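Engineer: The following block contains the structure, expressed as structure tokens.
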Amino acid sequence: MKWLTVARDLRRRKARERNGLFVAEGVRTVEELARSPLTVEAALITERAAAEARSGAVAQALTARGVPVLPVTDAEFESAADTEHPQGILAVARQPRRALGDLVIGDTTRLLVLDGIQDPGNVGTLIRTAAAAGVAAVVALPGTVDLWNAKVVRSAVGTHFHFPAVEATLDELKAFLAERDVELWGTAAGGTPVESARPPARLAIAMGNEGAGLSGALRAMCSDVVSLPMAPDVESLNVAVAAGITLYALRP
């Protein structure tokens, strides 16, 4: 079956990049995909999932859109699934074409820059948090996990089906920020306490790798570095938690 083979192949980043496709797995994620404007190529569903009310309803919604919904066995589904306990439904969809240069920057704006963040659960949560905080877009730099990794998609719960999350090189980011007059701040221990910082109207906030923090090259681009005050016996916060607090503290 073509789409089963495609879904299996899309577990690899190179296949996602080559084909411009991604997999949305799980009932809630596929529900959000069915509501989105993205092109859904096909869906796979097990007999068990088709008999359940919620997954059966989303399968019907996709069918009504003209999407082929193909029955597969449990064993076939598990061969393509990315989860430990699959829910029996997934969809293959086309990635939206978004680029850094296409972003619309208002007079007052916030961007979130991801610098080498490698955990897909963190990246998905960061995308969802940024959207909730009113950030204009998320920009992922090299070293950050693929934005269309299946776990990123699940963790974002469909947020980047409609919210702009783009990949860019460091040089592309530098040129974009200069052209749009957006200041770049980093986050790191020992920086200016976030509650005393005075953010400019247009600001990009960079979060660094879970273990190593900001890369030297990106930190050199930052006009300021801010930090979250913490109790003496706490060394650090999860990067997604830290980003959420920082984004709300520095909101316009």
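Letters A, B, ... go to the chains of the structure tokens in the order shown; residues in each chain start at 1; ligands are counted from 1 in the same order.
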Find the spatial neighbours of A:Arg128, counting only C-alpha atoms, within a cut-off of 7 Å - ignore same-chain residues fewer than 4 positions away - and output them as a list in words.
Structural biologist: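 My list of contacting residues is Gly124, Ala132, Ala156 and Thr159 of chain A.
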Engineer: So which residues touch A:Leu184 within 6 Å, counting only C-alpha atoms, skipping near sequence neighbours fewer than 5 positions away, as a list in words?
Structural biologist: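 Listed by chain and then number, they are Leu203, Ala204 and Cys222 of chain A.
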Engineer: Mind writing the picked residues with N, CA and C atoms as a tab-separated table (two decimals), in the first residue's frame?
Structural biologist:
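Listing of again_17.tsv after writing:
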chain	number	residue	atom	x	y	z
A	203	LEU	N	11.17	42.80	19.04
A	203	LEU	CA	12.15	42.01	19.78
A	203	LEU	C	12.07	40.53	19.40
A	204	ALA	N	13.24	39.94	19.16
A	204	ALA	CA	13.37	38.49	19.00
A	204	ALA	C	14.07	37.95	20.24
A	222	CYS	N	23.49	39.02	20.02
A	222	CYS	CA	22.49	39.56	20.94
A	222	CYS	C	22.93	40.91	21.51
Engineer: Using only C-alpha atoms, which protein or nucleic acid residues come within 10 Å of A:Leu173? Drop anything in the same chain fewer than 6 positions from it, and give the result as a PDB file with C-alpha atoms, in the first residue's frame.
Structural biologist:
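Final output, saved to out_9.pdb:
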ATOM      1  CA  LEU A 100      11.584  33.712   7.067  1.00  0.00           C
ATOM      2  CA  GLY A 101      11.280  36.465   4.467  1.00  0.00           C
ATOM      3  CA  VAL A 113      14.317  31.931  18.109  1.00  0.00           C
ATOM      4  CA  VAL A 139      12.385  30.644  13.942  1.00  0.00           C
ATOM      5  CA  ALA A 140      14.384  27.411  14.232  1.00  0.00           C
ATOM      6  CA  LEU A 141      18.135  27.621  13.658  1.00  0.00           C
ATOM      7  CA  GLU A 167      13.684  27.268   9.654  1.00  0.00           C
ATOM      8  CA  GLU A 179      16.264  44.574   7.526  1.00  0.00           C
ATOM      9  CA  LEU A 184      17.775  40.224  19.362  1.00  0.00           C
ATOM     10  CA  LEU A 218      24.182  33.643  18.265  1.00  0.00           C
TER      11      LEU A 218
END
Engineer: Could you find all residues in stretch 125-183 of chain A that DSSP calls strand (DSSP E or B) from the backbone, and write them as a count of residues only?
Structural biologist: 8
Engineer: At what distance in Å, to one decimal, does atom CA of A:Pro71 lie from atom CA of A:Ala150?
Structural biologist: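 About the pair atom CA of A:Ala150 and atom CA of A:Pro71: they are 20.6 Å apart.
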Engineer: If we count only C-alpha atoms, what is near stretch 43-52 of chain A at a cut-off of 7 Å, once residues fewer than 5 positions away on the same chain are taken out, given as a compact mmCIF listing (two decimals) with C-alpha atoms, in the first residue's frame?
Structural biologist:
# COMPACT_ATOMS: atom_id res chain seq x y z
CA PRO A 68 -8.66 8.71 1.07
CA VAL A 69 -8.98 7.02 4.48
CA LEU A 70 -7.39 3.59 4.20
CA PRO A 71 -7.96 0.64 6.56
CA VAL A 72 -4.86 -1.10 7.90
CA THR A 73 -4.21 -3.87 10.39
CA ASP A 74 -2.87 -3.14 13.86
CA GLN A 87 -4.33 5.29 18.82
CA GLY A 88 -4.87 3.72 15.41
CA ILE A 89 -5.22 6.83 13.25
CA LEU A 90 -2.70 8.97 11.40
CA ALA A 91 -2.68 11.27 8.39
CA VAL A 92 -0.08 12.23 5.82
Engineer: Rank A:Ala24, A:Ala212, A:Arg16, A:Val226 by their smallest atom-to-atom distance to A:Pro86, using only C-alpha atoms, and report the top residue only.
Structural biologist: A:Ala24
Engineer: Ranking A:Ala249, A:Met230, A:Leu177, A:Ala217 by minimum distance to A:Arg198 and counting only C-alpha atoms, which one comes first?
Structural biologist: A:Ala249
Engineer: Taking 4 positions as the minimum chain separation for residues in the same chain, which residues sit within 8 Å of A:Val138 when counting only C-alpha atoms? Answer as a list in words.
Structural biologist: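 Once the adjacent positions are removed, what remains is Leu111, Leu112, Val113, Leu114, Ile127, Ala130, Pro164, Ala165 and Val166 of chain A.
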